[in-house]
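Reproduced below: structure.txt, with compact mmCIF, C-alpha atoms.
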# COMPACT_ATOMS: atom_id res chain seq x y z
CA MET A 1 11.08 -19.34 -6.55
CA ALA A 2 12.24 -17.14 -9.41
CA ASN A 3 11.09 -13.54 -9.18
CA ALA A 4 7.86 -13.75 -11.19
CA PHE A 5 6.77 -10.48 -9.56
CA GLU A 6 9.55 -8.47 -11.27
CA HIS A 7 8.81 -5.68 -8.80
CA VAL A 8 6.40 -5.33 -5.86
CA HIS A 9 4.56 -2.01 -5.87
CA GLY A 10 2.22 -2.56 -2.94
CA LEU A 11 1.17 -4.90 -0.14
CA GLY A 12 -2.11 -5.32 1.69
CA ALA A 13 -4.13 -7.66 3.91
CA ASP A 14 -7.90 -7.96 4.00
CA PRO A 15 -9.28 -8.47 7.53
CA LEU A 16 -12.55 -9.83 6.11
CA THR A 17 -11.15 -12.63 3.97
CA GLY A 18 -7.81 -13.12 5.71
CA ASP A 19 -6.05 -12.86 2.35
CA THR A 20 -2.70 -11.08 1.94
CA TYR A 21 -1.81 -9.53 -1.41
CA ALA A 22 1.22 -8.32 -3.33
CA ALA A 23 0.54 -5.85 -6.15
CA THR A 24 3.29 -6.28 -8.72
CA HIS A 25 4.49 -5.54 -12.23
CA GLN A 26 2.90 -8.89 -13.14
CA GLY A 27 -0.52 -8.52 -11.55
CA VAL A 28 -1.89 -9.08 -8.04
CA TRP A 29 -0.73 -12.18 -6.19
CA LEU A 30 -2.06 -14.02 -3.16
CA ILE A 31 0.70 -14.45 -0.58
CA PRO A 32 1.00 -17.47 1.75
CA THR A 33 0.72 -16.65 5.47
CA GLY A 34 0.06 -20.09 6.92
CA MET A 35 3.46 -20.06 8.63
CA LEU A 36 2.41 -17.08 10.79
CA PRO A 37 0.78 -17.50 14.23
CA ASP A 38 -2.88 -16.80 14.96
CA THR A 39 -2.02 -13.26 16.06
CA TYR A 40 -1.80 -12.36 12.36
CA LEU A 41 -5.28 -11.13 11.35
CA THR A 42 -6.76 -12.74 14.46
CA GLY A 43 -10.10 -14.41 13.76
CA ALA A 44 -9.87 -14.15 9.98
CA PRO A 45 -9.74 -17.25 7.76
CA ARG A 46 -6.40 -18.21 6.23
CA ALA A 47 -5.85 -19.45 2.67
CA ASP A 48 -4.30 -22.91 2.33
CA LEU A 49 -1.37 -21.75 0.25
CA THR A 50 2.33 -22.61 0.22
CA GLN A 51 3.43 -20.57 -2.82
CA PRO A 52 2.37 -17.17 -4.21
CA MET A 53 -0.52 -17.41 -6.67
CA GLN A 54 -1.17 -14.95 -9.48
CA LEU A 55 -4.87 -14.08 -9.29
CA ALA A 56 -7.13 -14.53 -12.32
CA GLY A 57 -4.06 -14.92 -14.56
CA LEU A 58 -3.97 -11.15 -15.01
CA ALA A 59 -0.57 -9.53 -15.54
CA GLN A 60 -1.70 -5.92 -15.24
CA ASP A 61 1.07 -3.63 -13.97
CA THR A 62 -0.54 -2.79 -10.62
CA MET A 63 1.14 0.41 -9.47
CA GLY A 64 -1.14 1.89 -6.81
CA PHE A 65 -2.87 -0.59 -4.49
CA THR A 66 -4.75 -0.53 -1.21
CA VAL A 67 -7.20 -2.60 0.80
CA ALA A 68 -9.70 0.25 0.81
CA ALA A 69 -12.16 -1.42 3.19
CA PRO A 70 -12.82 -4.96 4.41
CA GLY A 71 -13.67 -6.94 1.29
CA GLN A 72 -12.74 -4.16 -1.16
CA LEU A 73 -9.48 -3.63 -3.03
CA MET A 74 -8.58 -0.54 -5.07
CA ALA A 75 -5.78 -0.32 -7.60
CA SER A 76 -4.34 1.59 -10.54
CA GLY A 77 -1.61 1.15 -13.11
CA HIS A 78 -1.51 -0.28 -16.64
CA PRO A 79 -3.54 -3.04 -18.32
CA ASP A 80 -2.30 -6.53 -19.03
CA PRO A 81 -0.55 -6.19 -22.43
CA ALA A 82 -2.17 -9.48 -23.51
CA GLU A 83 -5.68 -8.14 -22.88
CA PRO A 84 -7.59 -6.09 -25.52
CA SER A 85 -7.92 -2.44 -24.54
CA ASP A 86 -9.64 0.62 -25.96
CA LEU A 87 -8.14 3.04 -23.44
CA ALA A 88 -6.97 6.38 -24.84
CA LEU A 89 -3.80 6.00 -22.76
CA PRO A 90 -2.62 2.72 -21.18
CA ASN A 91 -3.69 3.88 -17.72
CA LEU A 92 -6.28 2.02 -15.67
CA GLY A 93 -7.44 5.03 -13.65
CA LEU A 94 -9.04 3.77 -10.42
CA ILE A 95 -10.34 0.20 -10.43
CA SER A 96 -12.02 -1.80 -7.66
CA SER A 97 -12.42 -5.46 -6.78
CA THR A 98 -14.82 -7.05 -4.30
CA ASP A 99 -13.93 -10.65 -5.14
CA GLY A 100 -10.31 -10.80 -4.04
CA ALA A 101 -8.77 -9.49 -7.30
CA SER A 102 -10.48 -12.16 -9.42
CA SER A 103 -12.12 -9.36 -11.39
CA TRP A 104 -11.91 -5.57 -11.49
CA THR A 105 -14.47 -2.82 -12.13
CA PRO A 106 -13.42 0.61 -13.47
CA LEU A 107 -14.50 3.41 -11.11
CA SER A 108 -13.04 6.55 -12.69
CA LEU A 109 -10.31 8.14 -14.82
CA ALA A 110 -9.86 5.12 -17.11
CA GLY A 111 -7.46 5.93 -19.93
CA LYS A 112 -6.35 9.07 -18.15
CA THR A 113 -4.65 8.55 -14.78
CA ASP A 114 -1.92 6.30 -13.42
CA PHE A 115 -1.99 6.45 -9.62
CA HIS A 116 1.36 5.29 -8.24
CA ASP A 117 0.06 5.32 -4.68
CA LEU A 118 -3.38 5.00 -3.10
CA ASP A 119 -4.84 5.17 0.38
CA ALA A 120 -8.43 5.13 1.60
CA VAL A 121 -10.04 6.03 4.93
CA PRO A 122 -13.72 5.89 5.95
CA LEU A 123 -15.81 9.05 6.26
CA ASP A 124 -18.65 9.53 8.74
CA ASP A 125 -21.32 8.91 6.10
CA GLY A 126 -19.90 5.49 5.22
CA THR A 127 -18.21 6.50 1.98
CA LEU A 128 -14.45 6.46 1.50
CA ARG A 129 -12.01 9.33 1.26
CA VAL A 130 -9.50 8.15 -1.34
CA TYR A 131 -6.11 9.77 -1.79
CA GLY A 132 -4.16 9.05 -4.97
CA TYR A 133 -0.81 10.18 -6.28
CA ASP A 134 -1.18 11.00 -9.98
CA ALA A 135 2.30 10.15 -11.26
CA GLY A 136 1.81 11.82 -14.63
CA ALA A 137 0.76 15.17 -13.19
CA GLY A 138 2.87 14.92 -10.03
CA THR A 139 -0.15 15.87 -7.91
CA ILE A 140 -2.27 14.42 -5.14
CA SER A 141 -5.89 13.74 -6.09
CA VAL A 142 -8.66 13.54 -3.49
CA SER A 143 -12.05 11.84 -3.71
CA ASP A 144 -14.82 12.01 -1.10
CA ASP A 145 -17.23 9.66 -2.86
CA SER A 146 -15.28 6.40 -2.84
CA GLY A 147 -13.26 7.22 -5.94
CA LEU A 148 -15.95 8.34 -8.38
CA THR A 149 -15.06 12.05 -8.65
CA TRP A 150 -11.86 13.90 -7.79
CA SER A 151 -10.41 17.24 -6.79
CA ALA A 152 -6.80 18.35 -7.09
CA GLY A 153 -4.48 18.60 -4.12
CA ALA A 154 -0.88 19.73 -3.80
CA GLN A 155 1.78 19.21 -6.42
CA LEU A 156 4.87 17.48 -5.08
CA ALA A 157 7.24 14.63 -5.88
CA LEU A 158 6.50 11.89 -3.35
CA ARG A 159 7.32 8.22 -2.88
CA ASP A 160 4.61 7.16 -0.44
CA LEU A 161 1.54 8.60 1.24
CA SER A 162 -0.55 7.54 4.22
CA ALA A 163 -3.74 9.00 5.70
CA ASP A 164 -4.65 8.95 9.37
CA PRO A 165 -7.77 6.76 9.70
CA ALA A 166 -8.80 8.66 12.83
CA GLN A 167 -8.29 12.14 11.33
CA VAL A 168 -9.07 11.87 7.64
CA ASP A 169 -7.74 15.32 6.70
CA LEU A 170 -4.31 14.38 8.08
CA LEU A 171 -2.08 13.07 5.30
CA TYR A 172 1.62 12.20 5.36
CA ALA A 173 4.02 11.91 2.42
CA THR A 174 7.61 10.77 2.05
CA THR A 175 9.76 12.93 -0.22
CA ALA A 176 13.44 13.50 -1.01
CA ALA A 177 13.25 16.48 1.37
CA GLY A 178 11.89 14.37 4.24
CA VAL A 179 8.48 13.45 5.64
CA LEU A 180 5.78 16.05 5.01
CA VAL A 181 2.38 16.43 6.69
CA SER A 182 -0.88 17.97 5.47
CA THR A 183 -3.70 19.01 7.79
CA ASP A 184 -6.04 20.08 4.97
CA ALA A 185 -6.60 16.84 3.05
CA GLY A 186 -3.53 17.09 0.85
CA ARG A 187 -3.95 20.69 -0.33
CA SER A 188 -0.76 21.92 1.35
CA PHE A 189 2.17 20.36 3.20
CA THR A 190 4.80 21.27 5.78
CA ALA A 191 7.80 19.37 7.13
CA LEU A 192 7.14 16.89 9.94
CA ASP A 193 9.60 18.02 12.60
CA GLY A 194 11.86 15.34 14.04
CA ALA A 195 10.98 12.62 11.57
CA PRO A 196 13.79 10.48 10.12
CA GLY A 197 14.27 10.34 6.37
CA LEU A 198 11.73 7.68 5.39
CA LEU A 199 11.04 6.01 2.07
CA LEU A 200 7.77 4.27 3.04
CA LEU A 201 5.30 4.78 5.90
CA ASP A 202 1.96 3.65 7.33
CA PHE A 203 -0.12 3.89 10.52
CA ALA A 204 0.03 1.41 13.40
CA GLY A 205 -1.36 1.69 16.89
CA GLY A 206 -2.15 5.40 16.61
CA GLY A 207 1.27 6.45 15.31
CA LEU A 208 3.41 6.23 12.21
CA VAL A 209 5.75 3.39 11.31
CA GLY A 210 8.15 3.74 8.41
CA LEU A 211 11.18 2.36 6.61
CA ASP A 212 14.22 4.36 5.63
CA PRO A 213 16.10 3.76 2.35
CA ASP A 214 18.42 1.23 4.03
CA GLY A 215 15.54 -0.85 5.42
CA GLY A 216 15.64 0.58 8.93
CA VAL A 217 12.26 0.37 10.68
CA TRP A 218 11.22 3.46 12.65
CA ARG A 219 8.28 3.87 15.01
CA GLN A 220 6.72 7.12 16.20
CA ASP A 221 5.60 7.57 19.81
CA ALA A 222 4.14 11.06 20.28
CA GLU A 223 6.93 13.26 18.87
CA THR A 224 9.71 10.74 19.44
CA TRP A 225 11.02 8.38 16.77
CA THR A 226 12.85 5.14 17.60
CA GLN A 227 14.51 2.66 15.27
CA THR A 228 13.07 -0.73 16.21
CA GLY A 229 14.64 -3.00 13.62
CA THR A 230 15.89 -3.36 10.06
CA THR A 231 15.65 -5.48 6.95
CA GLY A 232 19.15 -4.49 5.90
CA ARG A 233 17.95 -3.88 2.33
CA THR A 234 16.19 -1.16 0.37
CA PRO A 235 12.43 -1.76 0.64
CA GLU A 236 10.09 -1.86 -2.36
CA ALA A 237 6.74 -1.96 -0.56
CA PHE A 238 5.46 -1.80 3.00
CA THR A 239 2.21 -2.02 4.93
CA VAL A 240 0.90 -2.36 8.45
CA VAL A 241 -1.56 -5.18 9.04
CA GLY A 242 -3.89 -4.05 11.81
CA GLY A 243 -5.78 -6.03 14.40
CA SER A 244 -5.37 -6.89 18.05
CA SER A 245 -1.67 -7.57 17.35
CA PRO A 246 -0.25 -5.36 14.57
CA TRP A 247 2.16 -6.85 12.05
CA ILE A 248 4.22 -5.21 9.34
CA LEU A 249 4.93 -6.59 5.86
CA VAL A 250 7.92 -5.60 3.75
CA ALA A 251 8.89 -6.49 0.18
CA ASP A 252 12.40 -6.07 -1.19
CA ALA A 253 14.68 -7.71 -3.74
CA THR A 254 14.85 -10.93 -1.68
CA GLY A 255 11.10 -11.45 -1.25
CA ILE A 256 8.39 -10.64 1.28
CA ALA A 257 8.67 -10.89 5.07
CA ALA A 258 6.48 -10.22 8.11
CA SER A 259 7.30 -8.94 11.59
CA SER A 260 5.22 -8.70 14.78
CA ASP A 261 7.84 -6.70 16.70
CA TYR A 262 8.39 -3.77 14.34
CA GLY A 263 11.35 -5.27 12.52
CA ASN A 264 13.35 -6.83 15.34
CA THR A 265 12.63 -10.32 13.99
CA TRP A 266 11.25 -11.46 10.64
CA THR A 267 9.37 -14.41 9.17
CA THR A 268 9.89 -15.02 5.44
CA LEU A 269 6.65 -15.38 3.49
CA VAL A 270 8.11 -15.43 -0.02
CA SER A 271 11.75 -15.91 -0.99
CA VAL A 272 12.74 -15.02 -4.53
CA SER A 273 15.85 -15.57 -6.59
CA SER A 274 17.08 -13.38 -9.41
Mind turning the file's structure into structure tokens?
Amino acid sequence: MANAFEHVHGLGADPLTGDTYAATHQGVWLIPTGMLPDTYLTGAPRADLTQPMQLAGLAQDTMGFTVAAPGQLMASGHPDPAEPSDLALPNLGLISSTDGASSWTPLSLAGKTDFHDLDAVPLDDGTLRVYGYDAGAGTISVSDDSGLTWSAGAQLALRDLSADPAQVDLLYATTAAGVLVSTDAGRSFTALDGAPGLLLLDFAGGGLVGLDPDGGVWRQDAETWTQTGTTGRTPEAFTVVGGSSPWILVADATGIAASSDYGNTWTTLVSVSS
């Protein structure tokens, strides 16, 4: 297919619905996964889909995106230019969907903030800690009430961030200077010793997995990093799909692919042409 996405900003998979999403310059799309074995999102339903499908016909520029919790998506970016808008600035703030991106509800910061990256982890009281990278201010924003109110974190130029779901104050960021780690919920950062230069990263099986600028896949085991595979191309977006058998998804200029062995072998989900 021609590249209707233009650019993929984020990837995610919902363990409740079994749906896999690509957040793009042209809205959120449902991605076919029927060619993958049952170890992908084991036990979840699977959409009967052979081609990517733009959801709700919305072409909003979805910059930040995350599956915040089973059945809940969070996103940010810019509104569909064809849709009427009364926003002070063309920034969506934080929006949420509980119907698989068919519709979106504004949560906070509408007309103010453009989050280029989002991550969410559950707190003990059942609410979500949401981390967002405010691209306009160049700062990390932190919410402890599922994205309704925010406090300011550190200021830094980052490409990707990922929170530890088991230790919610532990936050990692990829930067031009290397991988950084925060132990105080994004208020301050230090270099992560021994880490390779990564562009994108996420958690899998208790440790970090990341991609370098050339598409090399790296996996952390304690303090040791090992390259386990490669795409051979600069990645655009990356996520780990959890479950009894973790998978990774990667988007680049050629499409979207999945791997169950940390990048040693790949299954193409979407192939695009220029």
Inset, instruction - For each of A:Arg46, A:His7, A:His116, A:Arg233, take the minimum atom-to-atom distance to A:Met74, counting all atoms listed in the file, then give the residue where this is smallest. - result: A:His116
Inset, instruction - Write out as a ChimeraX atom specification each polymer residue whose atoms come within 7 Å of stretch 189-198 of chain A, counting all atoms listed in the file; drop sequence neighbours fewer than 2 positions from it. - result: /A:174,178-182,186,200,210-213,225
Near stretch 17-31 of chain A, within 8 Å and counting all atoms listed in the file, which residues show up once chain neighbours fewer than 4 positions away are dropped, as a PDB file with C-alpha atoms, in the frame of the given file?
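Output contents, as saved in result.pdb:
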ATOM      1  CA  ALA A   4       7.860 -13.750 -11.190  1.00  0.00           C
ATOM      2  CA  PHE A   5       6.770 -10.480  -9.560  1.00  0.00           C
ATOM      3  CA  GLU A   6       9.550  -8.470 -11.270  1.00  0.00           C
ATOM      4  CA  HIS A   7       8.810  -5.680  -8.800  1.00  0.00           C
ATOM      5  CA  VAL A   8       6.400  -5.330  -5.860  1.00  0.00           C
ATOM      6  CA  HIS A   9       4.560  -2.010  -5.870  1.00  0.00           C
ATOM      7  CA  GLY A  10       2.220  -2.560  -2.940  1.00  0.00           C
ATOM      8  CA  LEU A  11       1.170  -4.900  -0.140  1.00  0.00           C
ATOM      9  CA  GLY A  12      -2.110  -5.320   1.690  1.00  0.00           C
ATOM     10  CA  ALA A  13      -4.130  -7.660   3.910  1.00  0.00           C
ATOM     11  CA  LEU A  41      -5.280 -11.130  11.350  1.00  0.00           C
ATOM     12  CA  ALA A  44      -9.870 -14.150   9.980  1.00  0.00           C
ATOM     13  CA  PRO A  45      -9.740 -17.250   7.760  1.00  0.00           C
ATOM     14  CA  ARG A  46      -6.400 -18.210   6.230  1.00  0.00           C
ATOM     15  CA  ALA A  47      -5.850 -19.450   2.670  1.00  0.00           C
ATOM     16  CA  LEU A  49      -1.370 -21.750   0.250  1.00  0.00           C
ATOM     17  CA  GLN A  51       3.430 -20.570  -2.820  1.00  0.00           C
ATOM     18  CA  PRO A  52       2.370 -17.170  -4.210  1.00  0.00           C
ATOM     19  CA  MET A  53      -0.520 -17.410  -6.670  1.00  0.00           C
ATOM     20  CA  GLN A  54      -1.170 -14.950  -9.480  1.00  0.00           C
ATOM     21  CA  LEU A  55      -4.870 -14.080  -9.290  1.00  0.00           C
ATOM     22  CA  GLY A  57      -4.060 -14.920 -14.560  1.00  0.00           C
ATOM     23  CA  LEU A  58      -3.970 -11.150 -15.010  1.00  0.00           C
ATOM     24  CA  ALA A  59      -0.570  -9.530 -15.540  1.00  0.00           C
ATOM     25  CA  GLN A  60      -1.700  -5.920 -15.240  1.00  0.00           C
ATOM     26  CA  ASP A  61       1.070  -3.630 -13.970  1.00  0.00           C
ATOM     27  CA  THR A  62      -0.540  -2.790 -10.620  1.00  0.00           C
ATOM     28  CA  MET A  63       1.140   0.410  -9.470  1.00  0.00           C
ATOM     29  CA  GLY A  64      -1.140   1.890  -6.810  1.00  0.00           C
ATOM     30  CA  PHE A  65      -2.870  -0.590  -4.490  1.00  0.00           C
ATOM     31  CA  PRO A  70     -12.820  -4.960   4.410  1.00  0.00           C
ATOM     32  CA  GLY A  71     -13.670  -6.940   1.290  1.00  0.00           C
ATOM     33  CA  ASP A  80      -2.300  -6.530 -19.030  1.00  0.00           C
ATOM     34  CA  GLY A 100     -10.310 -10.800  -4.040  1.00  0.00           C
ATOM     35  CA  ALA A 101      -8.770  -9.490  -7.300  1.00  0.00           C
ATOM     36  CA  LEU A 269       6.650 -15.380   3.490  1.00  0.00           C
ATOM     37  CA  VAL A 270       8.110 -15.430  -0.020  1.00  0.00           C
TER      38      VAL A 270
END
Inset, instruction - Write out as a PyMOL selection string each polymer residue whose atoms come within 7 Å of A:Val209, counting all atoms listed in the file; drop sequence neighbours fewer than 6 positions from it. - result: chain A and resi 201-203+218-220
Those same residues - C-alpha atoms - I'd like them written as a compact mmCIF listing (two decimals), in the frame of the given file.
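Contents of the output file result39.txt:
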# COMPACT_ATOMS: atom_id res chain seq x y z
CA LEU A 201 5.30 4.78 5.90
CA ASP A 202 1.96 3.65 7.33
CA PHE A 203 -0.12 3.89 10.52
CA TRP A 218 11.22 3.46 12.65
CA ARG A 219 8.28 3.87 15.01
CA GLN A 220 6.72 7.12 16.20
Inset, instruction - Enter the distance from atom CA of A:Arg187 to atom CA of A:Gln72, in Å, rounded to one decimal. - result: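 Atom CA of A:Arg187 sits 26.4 Å away from atom CA of A:Gln72.
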Inset, instruction - For atom CA of A:Leu36 and atom CA of A:Thr231, quote the distance in Å rounded to one decimal. - result: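 Atom CA of A:Thr231 lies 18.0 Å from atom CA of A:Leu36.
Across the model, the gap from atom CA of A:Leu161 to atom CA of A:Gly215 is 17.4 Å.
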Inset, instruction - Neighbourhood query: residues within 7 Å of (6.6, -6.5, 3.9), file coordinates, counting all atoms listed in the file; return as a PyMOL selection string. - result: chain A and resi 11+237-239+248-251+256-258
Legend entry - For A:Trp104, the nearest of the candidates A:Asp125, A:Val130, A:Ala56, A:Gln155, counting all atoms listed in the file: A:Ala56
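Using all atoms listed in the file, the residues found no farther than 9 Å from A:Gly229, other than those of its own chain fewer than 3 positions away, are Gly215, Gly216, Val217, Trp218, Asp261, Tyr262, Gly263, Asn264 and Thr265 of chain A.
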Inset, instruction - Would you mind listing what lies within 8 Å of A:Val142 as a VMD selection string, with all atoms listed in the file counted and same-chain residues fewer than 3 positions away left out? - result: chain A and resid 129 to 132 150 to 153 185 to 186
Inset, instruction - Just give me the residues with any atom within 7 Å of (-9.5, 5.0, -20.2), file coordinates, counting only C-alpha atoms, written as an NGL selection string. - result: :A and (87-89 or 91-93 or 109-112)
Legend entry - Nearest to A:Pro122 by atom-to-atom distance, counting all atoms listed in the file, from A:Pro165, A:Gly34, A:Gly136, A:Pro90: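 Checking each candidate against A:Pro122, we get A:Pro165 as the closest.
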